[in-house]
Amino acid sequence: MNDQTYQIEEKDGNRFVTVSNASASCRISLFGGHVLSFIPSHDNRDRLWVSPVAVLNGERPIRGGIPLCWPWFSDAHGKAKGELPSHGFLRTQMWDISEFNCDGTTSEMVLTPAITKGPGFSYECAVKLRLKIASELTVSLETTSLEEQQAFTLNCALHTYFDVNNIADVALEGLAGEYKDKLEDWAVKPAPTPYTFSSETDRIHQEAPKTLTIVANQSPYITIGSAGHDSIVVWNPWQSAASMSDMDAFGYKQMLCVETAVTNGITLNPGDIHTLTQVIA
Ligand SMILES: O=P(O)(O)OC[C@H]1O[C@@H](O)[C@H](O)[C@@H](O)[C@@H]1O
């Protein structure tokens with residue numbers, strides 16, 4: 001293993017990995033297998049947002065970066081709300097680095113979680129998070145069924161918080177068709193055109209385009225590629241941020257979650273591999 005181009009810092013009971021190469025740098029919390037920043041060298045601007053008051057010591061999920069949702073999305077775990085953790089249990093456990101390679105301009109890292117079974121999910125499987133850090137960041141959450149006979153179904157998401165500087169200047173391009181509005185009891189509505197933001201937003205889009213663009217001040221700023229998904233989730237808590245202990249009251253102005261997700265269930269037969277990928281360019 002070439003460990004010359006990443007550093008590990010231990011802090012508050014957590015471990016943070018910084019990967020740097022000629023193209024970009026990327027910081028990862030091993031608690032959650034959670035990408036915290038992605039900074040391309042050409043403009044030195046972080047494409048990801050982390051709340052200034054995020055809890056990073058492992059006591060709760062990290063508000064910002066790329067939380068991993070698995071094996072269920074939100075509270076869709078089949079039990080009463082609150083009985084099992086929102087978004088599953090990958091984002092609240094320690095991960096290990098199992099592979100690393102760097103050729104100077106591209107770094108590839110594979111992370112593995114300690115636990116893949118728990119209350120609410122009892123199937124045999126292996127999970128890997130593959131990161132490719134270059135001028136683009138490619139994040140792939142891979143699930144392999146190790147079951148011998150039975151099939152199982154899961155949901156998952158790359159719940160990315162993009163740093164948008166000022167939400168009032170932002171439009172999201174590429175979404176069409178209908179979405180389910182969590183804020184209005186899952187009412188089905190058409191995607192707005194233009195897709196801008198002026199209030200709390202919590203939507204599951206049923207059309208799952210491969211490419212979306214975050215436009216800032218009428219210029220394309222971030223391109224989001226997606227694969228292995230059936231939905232796109234768009235979330236901004238707006239003033240509800242004021243009631244979140246790990247977000248400041250105006251934090252919503254700087255962030256937009258655009259999540260590459262499976263929310264309708266993917267069924268894996270024995271030996272099947274599912275890969276959910278997001279590419280941030
Ligand atoms: O606070 P959490 O568990 O990280 O979830 C944040 C948000 O995540 C989004 O994906 C959900 O659609 C929202 O309903 C939820 O509030």
# chains A, B, ... in the order shown; residues from 1 in each chain; ligands from 1

$ residues_near_ligand --ligand "ligand 1" --cutoff "8 Å" --atoms "only C-alpha atoms and all ligand atoms" --output "list in words"
Pro61, Ile62, Arg63, Pro67, Phe73, Ser74, Pro85, Ser86, His87, His159, Lys182, Asp202, Arg203, Ile204, Val233, Val234, Trp235, Pro237, Cys257 and Glu259 of chain A

$ select_by_dssp --residues "range 47-107 of chain A" --states "strand (DSSP E or B)" --output "JSON, numbers by chain"
{"A": [48, 50, 64, 66, 68, 69, 70, 88, 94, 95, 96, 97, 98, 99, 100, 101, 102, 107]}

$ write_last_selection --atoms "N, CA and C atoms" --output "mmCIF file, in the first residue's frame"
data_model
loop_
_atom_site.group_PDB
_atom_site.id
_atom_site.type_symbol
_atom_site.label_atom_id
_atom_site.label_comp_id
_atom_site.auth_asym_id
_atom_site.auth_seq_id
_atom_site.Cartn_x
_atom_site.Cartn_y
_atom_site.Cartn_z
ATOM 1 N N LEU A 48 -18.150 20.752 -1.187
ATOM 2 C CA LEU A 48 -19.037 20.194 -0.168
ATOM 3 C C LEU A 48 -19.168 21.157 1.007
ATOM 4 N N VAL A 50 -20.059 21.528 5.105
ATOM 5 C CA VAL A 50 -20.216 20.896 6.417
ATOM 6 C C VAL A 50 -20.641 21.985 7.387
ATOM 7 N N GLY A 64 -23.524 17.408 7.052
ATOM 8 C CA GLY A 64 -22.767 17.964 5.926
ATOM 9 C C GLY A 64 -21.969 16.885 5.230
ATOM 10 N N ILE A 66 -20.843 14.024 2.798
ATOM 11 C CA ILE A 66 -21.614 12.974 2.103
ATOM 12 C C ILE A 66 -21.999 11.875 3.094
ATOM 13 N N LEU A 68 -23.809 8.590 4.291
ATOM 14 C CA LEU A 68 -24.203 7.374 3.574
ATOM 15 C C LEU A 68 -25.472 6.824 4.195
ATOM 16 N N CYS A 69 -26.520 6.715 3.396
ATOM 17 C CA CYS A 69 -27.787 6.167 3.872
ATOM 18 C C CYS A 69 -27.852 4.717 3.394
ATOM 19 N N TRP A 70 -28.115 3.808 4.297
ATOM 20 C CA TRP A 70 -28.109 2.372 3.952
ATOM 21 C C TRP A 70 -28.456 1.593 5.190
ATOM 22 N N GLY A 88 -30.423 4.655 8.421
ATOM 23 C CA GLY A 88 -29.659 3.418 8.615
ATOM 24 C C GLY A 88 -28.447 3.574 9.506
ATOM 25 N N MET A 94 -17.616 3.247 12.787
ATOM 26 C CA MET A 94 -16.254 3.458 12.282
ATOM 27 C C MET A 94 -16.004 2.573 11.062
ATOM 28 N N TRP A 95 -15.282 3.144 10.117
ATOM 29 C CA TRP A 95 -14.888 2.434 8.905
ATOM 30 C C TRP A 95 -13.355 2.286 8.912
ATOM 31 N N ASP A 96 -12.876 1.333 8.095
ATOM 32 C CA ASP A 96 -11.435 1.134 7.920
ATOM 33 C C ASP A 96 -11.040 1.403 6.482
ATOM 34 N N ILE A 97 -9.779 1.770 6.320
ATOM 35 C CA ILE A 97 -9.241 1.888 4.949
ATOM 36 C C ILE A 97 -8.743 0.506 4.549
ATOM 37 N N SER A 98 -9.278 -0.052 3.448
ATOM 38 C CA SER A 98 -8.821 -1.392 3.069
ATOM 39 C C SER A 98 -7.949 -1.384 1.817
ATOM 40 N N GLU A 99 -8.012 -0.323 1.024
ATOM 41 C CA GLU A 99 -7.114 -0.243 -0.153
ATOM 42 C C GLU A 99 -6.798 1.209 -0.412
ATOM 43 N N PHE A 100 -5.596 1.469 -0.915
ATOM 44 C CA PHE A 100 -5.266 2.831 -1.323
ATOM 45 C C PHE A 100 -4.236 2.784 -2.436
ATOM 46 N N ASN A 101 -4.430 3.584 -3.446
ATOM 47 C CA ASN A 101 -3.460 3.715 -4.530
ATOM 48 C C ASN A 101 -3.460 5.140 -5.023
ATOM 49 N N CYS A 102 -2.283 5.614 -5.430
ATOM 50 C CA CYS A 102 -2.211 6.956 -5.998
ATOM 51 C C CYS A 102 -1.146 6.973 -7.080
ATOM 52 N N SER A 107 -6.170 9.455 -6.874
ATOM 53 C CA SER A 107 -6.051 8.572 -5.703
ATOM 54 C C SER A 107 -7.307 7.724 -5.627
#

$ closest_residue --among "A:Arg60, A:Lys180, A:Arg47, A:Arg15" --to "Thr263 in chain A" --atoms "only C-alpha atoms"
A:Lys180

$ residues_around --residues "Val170 in chain A" --least-positions-apart "2" --cutoff "10 Å" --atoms "only C-alpha atoms" --output "list in words"
Val164, Asn165, Asn166, Ile167, Ala168, Leu172, Glu173, Tyr195, Thr196, Phe197, Ile214, Val215, Ala216, Asn217, Gln218, Ser219, Pro220, Tyr221 and Leu256 of chain A

$ atom_distance --atom1 "CA of Met247 in chain A" --atom2 "CA of Glu10 in chain A"
23.7 Å

$ select_by_dssp --residues "range 12-246 of chain A" --states "helix (DSSP H, G or I)" --output "PDB file with N, CA and C atoms, in the first residue's frame"
ATOM      1  N   ILE A 167     -27.993  30.235  -1.552  1.00  0.00           N
ATOM      2  CA  ILE A 167     -29.089  29.447  -2.152  1.00  0.00           C
ATOM      3  C   ILE A 167     -30.002  30.311  -3.028  1.00  0.00           C
ATOM      4  N   ALA A 168     -30.071  31.599  -2.714  1.00  0.00           N
ATOM      5  CA  ALA A 168     -30.948  32.491  -3.498  1.00  0.00           C
ATOM      6  C   ALA A 168     -30.464  32.634  -4.939  1.00  0.00           C
ATOM      7  N   ASP A 169     -29.194  32.341  -5.178  1.00  0.00           N
ATOM      8  CA  ASP A 169     -28.626  32.493  -6.525  1.00  0.00           C
ATOM      9  C   ASP A 169     -28.569  31.176  -7.298  1.00  0.00           C
ATOM     10  N   LYS A 182     -42.472  15.438   0.577  1.00  0.00           N
ATOM     11  CA  LYS A 182     -42.575  14.959   1.958  1.00  0.00           C
ATOM     12  C   LYS A 182     -43.256  15.989   2.853  1.00  0.00           C
ATOM     13  N   LEU A 183     -43.136  17.267   2.482  1.00  0.00           N
ATOM     14  CA  LEU A 183     -43.691  18.330   3.322  1.00  0.00           C
ATOM     15  C   LEU A 183     -45.202  18.461   3.142  1.00  0.00           C
ATOM     16  N   GLU A 184     -45.747  17.806   2.109  1.00  0.00           N
ATOM     17  CA  GLU A 184     -47.203  17.855   1.893  1.00  0.00           C
ATOM     18  C   GLU A 184     -47.763  16.451   1.776  1.00  0.00           C
ATOM     19  N   TRP A 238     -34.284  25.017   5.188  1.00  0.00           N
ATOM     20  CA  TRP A 238     -34.675  26.427   5.318  1.00  0.00           C
ATOM     21  C   TRP A 238     -34.765  26.802   6.800  1.00  0.00           C
ATOM     22  N   GLN A 239     -35.824  27.502   7.211  1.00  0.00           N
ATOM     23  CA  GLN A 239     -35.857  27.969   8.610  1.00  0.00           C
ATOM     24  C   GLN A 239     -35.901  26.833   9.633  1.00  0.00           C
ATOM     25  N   SER A 240     -36.260  25.618   9.197  1.00  0.00           N
ATOM     26  CA  SER A 240     -36.243  24.508  10.160  1.00  0.00           C
ATOM     27  C   SER A 240     -34.834  24.252  10.672  1.00  0.00           C
ATOM     28  N   ALA A 241     -33.836  24.762   9.950  1.00  0.00           N
ATOM     29  CA  ALA A 241     -32.444  24.610  10.413  1.00  0.00           C
ATOM     30  C   ALA A 241     -32.280  25.197  11.811  1.00  0.00           C
ATOM     31  N   ALA A 242     -33.096  26.216  12.118  1.00  0.00           N
ATOM     32  CA  ALA A 242     -32.970  26.873  13.416  1.00  0.00           C
ATOM     33  C   ALA A 242     -33.276  25.927  14.573  1.00  0.00           C
ATOM     34  N   SER A 243     -34.035  24.863  14.283  1.00  0.00           N
ATOM     35  CA  SER A 243     -34.358  23.937  15.373  1.00  0.00           C
ATOM     36  C   SER A 243     -33.425  22.720  15.394  1.00  0.00           C
TER      37      SER A 243
END

$ residues_around --residues "Leu36 in chain A" --least-positions-apart "2" --cutoff "6 Å" --atoms "only C-alpha atoms" --output "mmCIF file with C-alpha atoms, in the first residue's frame"
data_model
loop_
_atom_site.group_PDB
_atom_site.id
_atom_site.type_symbol
_atom_site.label_atom_id
_atom_site.label_comp_id
_atom_site.auth_asym_id
_atom_site.auth_seq_id
_atom_site.Cartn_x
_atom_site.Cartn_y
_atom_site.Cartn_z
ATOM 1 C CA ARG A 27 -10.976 14.917 3.733
ATOM 2 C CA ILE A 28 -12.794 11.903 5.079
ATOM 3 C CA GLY A 65 -20.384 16.301 3.480
#

$ residues_around --residues "range 111-125 of chain A" --least-positions-apart "5" --cutoff "9 Å" --atoms "only C-alpha atoms" --output "NGL selection string"
:A and (30 or 32-33 or 71-72 or 77-79 or 84 or 88-90 or 93-99 or 130-131 or 143-148 or 150-152 or 154)

$ residues_around --residues "Ala191 in chain A" --least-positions-apart "2" --cutoff "10 Å" --atoms "only C-alpha atoms" --output "ChimeraX atom specification"
/A:174-180,188-189,193-195,203,205,207

$ residues_around --residues "range 138-142 of chain A" --least-positions-apart "2" --cutoff "6 Å" --atoms "only C-alpha atoms" --output "list in words"
Val127, Lys128, Leu129, Arg130, Leu131, Lys132, His274, Thr275, Leu276, Thr277, Gln278 and Val279 of chain A

$ write_last_selection --atoms "N, CA and C atoms" --output "PDB file, in the first residue's frame"
ATOM      1  N   VAL A 127     -20.082  -4.552   2.166  1.00  0.00           N
ATOM      2  CA  VAL A 127     -20.255  -3.158   1.716  1.00  0.00           C
ATOM      3  C   VAL A 127     -18.874  -2.535   1.555  1.00  0.00           C
ATOM      4  N   LYS A 128     -18.714  -1.813   0.470  1.00  0.00           N
ATOM      5  CA  LYS A 128     -17.471  -1.057   0.252  1.00  0.00           C
ATOM      6  C   LYS A 128     -17.827   0.343  -0.216  1.00  0.00           C
ATOM      7  N   LEU A 129     -17.059   1.303   0.229  1.00  0.00           N
ATOM      8  CA  LEU A 129     -17.162   2.652  -0.323  1.00  0.00           C
ATOM      9  C   LEU A 129     -15.900   2.886  -1.140  1.00  0.00           C
ATOM     10  N   ARG A 130     -16.078   3.093  -2.430  1.00  0.00           N
ATOM     11  CA  ARG A 130     -14.928   3.349  -3.308  1.00  0.00           C
ATOM     12  C   ARG A 130     -14.872   4.832  -3.628  1.00  0.00           C
ATOM     13  N   LEU A 131     -13.737   5.441  -3.387  1.00  0.00           N
ATOM     14  CA  LEU A 131     -13.544   6.859  -3.692  1.00  0.00           C
ATOM     15  C   LEU A 131     -12.463   6.995  -4.740  1.00  0.00           C
ATOM     16  N   LYS A 132     -12.761   7.784  -5.761  1.00  0.00           N
ATOM     17  CA  LYS A 132     -11.740   8.105  -6.763  1.00  0.00           C
ATOM     18  C   LYS A 132     -11.595   9.619  -6.744  1.00  0.00           C
ATOM     19  N   HIS A 274     -24.715  -4.455  -6.178  1.00  0.00           N
ATOM     20  CA  HIS A 274     -25.336  -3.185  -6.568  1.00  0.00           C
ATOM     21  C   HIS A 274     -24.367  -2.060  -6.254  1.00  0.00           C
ATOM     22  N   THR A 275     -24.211  -1.147  -7.207  1.00  0.00           N
ATOM     23  CA  THR A 275     -23.314   0.000  -6.992  1.00  0.00           C
ATOM     24  C   THR A 275     -24.082   1.290  -7.222  1.00  0.00           C
ATOM     25  N   LEU A 276     -24.069   2.135  -6.209  1.00  0.00           N
ATOM     26  CA  LEU A 276     -24.693   3.461  -6.279  1.00  0.00           C
ATOM     27  C   LEU A 276     -23.553   4.474  -6.409  1.00  0.00           C
ATOM     28  N   THR A 277     -23.589   5.249  -7.486  1.00  0.00           N
ATOM     29  CA  THR A 277     -22.436   6.118  -7.756  1.00  0.00           C
ATOM     30  C   THR A 277     -22.865   7.577  -7.922  1.00  0.00           C
ATOM     31  N   GLN A 278     -22.084   8.470  -7.355  1.00  0.00           N
ATOM     32  CA  GLN A 278     -22.237   9.894  -7.626  1.00  0.00           C
ATOM     33  C   GLN A 278     -20.875  10.461  -8.042  1.00  0.00           C
ATOM     34  N   VAL A 279     -20.904  11.241  -9.109  1.00  0.00           N
ATOM     35  CA  VAL A 279     -19.672  11.872  -9.601  1.00  0.00           C
ATOM     36  C   VAL A 279     -19.852  13.394  -9.486  1.00  0.00           C
TER      37      VAL A 279
END

$ atom_distance --atom1 "CA of Asn57 in chain A" --atom2 "CA of Gly13 in chain A"
5.9 Å

$ closest_residue --among "A:Glu9, A:Asp163, A:Asp230, A:Asp272" --to "Gly251 in chain A" --atoms "only C-alpha atoms"
A:Asp163

$ atom_distance --atom1 "CA of Met255 in chain A" --atom2 "CA of Phe162 in chain A"
5.5 Å

$ closest_residue --among "A:Ala126, A:Leu268, A:Thr18, A:Ser135" --to "His42 in chain A" --atoms "only C-alpha atoms"
A:Ser135

$ decode --residues "range 5-47 of chain A" --atoms "N, CA and C atoms" --output "tab-separated table (two decimals), in the first residue's frame"
chain	number	residue	atom	x	y	z
A	5	THR	N	0.60	9.53	0.28
A	5	THR	CA	-0.22	10.68	-0.07
A	5	THR	C	-1.54	10.73	0.68
A	6	TYR	N	-1.59	10.11	1.83
A	6	TYR	CA	-2.69	10.46	2.73
A	6	TYR	C	-2.18	10.55	4.16
A	7	GLN	N	-2.85	11.38	4.92
A	7	GLN	CA	-2.50	11.56	6.32
A	7	GLN	C	-3.70	11.20	7.18
A	8	ILE	N	-3.42	10.70	8.36
A	8	ILE	CA	-4.50	10.42	9.32
A	8	ILE	C	-4.29	11.29	10.56
A	9	GLU	N	-5.36	11.95	10.97
A	9	GLU	CA	-5.32	12.77	12.17
A	9	GLU	C	-6.33	12.17	13.16
A	10	GLU	N	-5.92	12.02	14.39
A	10	GLU	CA	-6.84	11.52	15.42
A	10	GLU	C	-7.31	12.69	16.24
A	11	LYS	N	-8.61	12.82	16.42
A	11	LYS	CA	-9.16	13.96	17.17
A	11	LYS	C	-10.49	13.58	17.79
A	12	ASP	N	-10.68	13.91	19.03
A	12	ASP	CA	-11.96	13.70	19.73
A	12	ASP	C	-12.53	12.29	19.53
A	13	GLY	N	-11.66	11.31	19.54
A	13	GLY	CA	-12.15	9.93	19.40
A	13	GLY	C	-12.49	9.54	17.97
A	14	ASN	N	-12.26	10.41	17.01
A	14	ASN	CA	-12.52	10.09	15.60
A	14	ASN	C	-11.18	10.15	14.86
A	15	ARG	N	-11.18	9.62	13.64
A	15	ARG	CA	-9.97	9.67	12.80
A	15	ARG	C	-10.34	10.30	11.47
A	16	PHE	N	-9.52	11.22	11.04
A	16	PHE	CA	-9.78	11.96	9.81
A	16	PHE	C	-8.64	11.69	8.82
A	17	VAL	N	-9.01	11.40	7.58
A	17	VAL	CA	-8.03	11.09	6.54
A	17	VAL	C	-8.01	12.23	5.55
A	18	THR	N	-6.83	12.72	5.23
A	18	THR	CA	-6.72	13.72	4.17
A	18	THR	C	-5.94	13.10	3.01
A	19	VAL	N	-6.58	13.08	1.86
A	19	VAL	CA	-5.95	12.56	0.64
A	19	VAL	C	-5.63	13.75	-0.24
A	20	SER	N	-4.38	13.85	-0.69
A	20	SER	CA	-4.00	14.97	-1.57
A	20	SER	C	-3.25	14.41	-2.77
A	21	ASN	N	-3.54	14.97	-3.92
A	21	ASN	CA	-2.73	14.68	-5.10
A	21	ASN	C	-2.68	15.94	-5.95
A	22	ALA	N	-2.13	15.86	-7.15
A	22	ALA	CA	-1.96	17.06	-7.96
A	22	ALA	C	-3.30	17.64	-8.40
A	23	SER	N	-4.36	16.83	-8.41
A	23	SER	CA	-5.65	17.27	-8.94
A	23	SER	C	-6.57	17.85	-7.89
A	24	ALA	N	-6.48	17.34	-6.66
A	24	ALA	CA	-7.49	17.70	-5.66
A	24	ALA	C	-7.05	17.24	-4.28
A	25	SER	N	-7.81	17.69	-3.28
A	25	SER	CA	-7.67	17.10	-1.95
A	25	SER	C	-9.06	16.77	-1.42
A	26	CYS	N	-9.07	15.84	-0.49
A	26	CYS	CA	-10.34	15.31	0.00
A	26	CYS	C	-10.13	14.90	1.45
A	27	ARG	N	-11.07	15.29	2.31
A	27	ARG	CA	-10.98	14.92	3.73
A	27	ARG	C	-12.13	13.98	4.04
A	28	ILE	N	-11.81	12.95	4.80
A	28	ILE	CA	-12.79	11.90	5.08
A	28	ILE	C	-12.78	11.62	6.57
A	29	SER	N	-13.96	11.51	7.15
A	29	SER	CA	-14.08	11.06	8.54
A	29	SER	C	-14.26	9.55	8.53
A	30	LEU	N	-13.43	8.83	9.29
A	30	LEU	CA	-13.62	7.37	9.33
A	30	LEU	C	-14.88	7.02	10.12
A	31	PHE	N	-15.33	7.92	10.99
A	31	PHE	CA	-16.66	7.74	11.58
A	31	PHE	C	-17.67	8.05	10.47
A	32	GLY	N	-18.39	7.02	10.04
A	32	GLY	CA	-19.38	7.21	8.98
A	32	GLY	C	-18.87	6.92	7.58
A	33	GLY	N	-17.53	6.68	7.40
A	33	GLY	CA	-17.01	6.56	6.03
A	33	GLY	C	-17.46	7.76	5.23
A	34	HIS	N	-17.27	8.93	5.86
A	34	HIS	CA	-18.01	10.14	5.50
A	34	HIS	C	-17.08	11.16	4.84
A	35	VAL	N	-17.28	11.42	3.56
A	35	VAL	CA	-16.46	12.44	2.88
A	35	VAL	C	-16.89	13.82	3.41
A	36	LEU	N	-15.90	14.62	3.82
A	36	LEU	CA	-16.19	15.94	4.40
A	36	LEU	C	-15.88	17.08	3.43
A	37	SER	N	-14.88	16.89	2.58
A	37	SER	CA	-14.55	17.98	1.65
A	37	SER	C	-14.00	17.41	0.35
A	38	PHE	N	-14.19	18.16	-0.72
A	38	PHE	CA	-13.57	17.84	-2.00
A	38	PHE	C	-13.16	19.16	-2.63
A	39	ILE	N	-11.86	19.37	-2.71
A	39	ILE	CA	-11.33	20.66	-3.16
A	39	ILE	C	-10.45	20.45	-4.40
A	40	PRO	N	-10.99	20.70	-5.60
A	40	PRO	CA	-10.15	20.60	-6.80
A	40	PRO	C	-9.04	21.65	-6.74
A	41	SER	N	-7.85	21.26	-7.19
A	41	SER	CA	-6.69	22.17	-7.10
A	41	SER	C	-6.86	23.38	-8.01
A	42	HIS	N	-7.60	23.22	-9.12
A	42	HIS	CA	-7.60	24.30	-10.11
A	42	HIS	C	-8.25	25.57	-9.61
A	43	ASP	N	-9.20	25.45	-8.63
A	43	ASP	CA	-9.77	26.69	-8.09
A	43	ASP	C	-9.81	26.72	-6.56
A	44	ASN	N	-9.37	25.60	-5.94
A	44	ASN	CA	-9.25	25.58	-4.48
A	44	ASN	C	-10.56	25.84	-3.74
A	45	ARG	N	-11.70	25.55	-4.36
A	45	ARG	CA	-12.99	25.78	-3.70
A	45	ARG	C	-13.63	24.45	-3.30
A	46	ASP	N	-14.03	24.39	-2.07
A	46	ASP	CA	-14.66	23.15	-1.58
A	46	ASP	C	-16.05	23.01	-2.19
A	47	ARG	N	-16.32	21.87	-2.82
A	47	ARG	CA	-17.64	21.64	-3.41
A	47	ARG	C	-18.64	21.12	-2.36
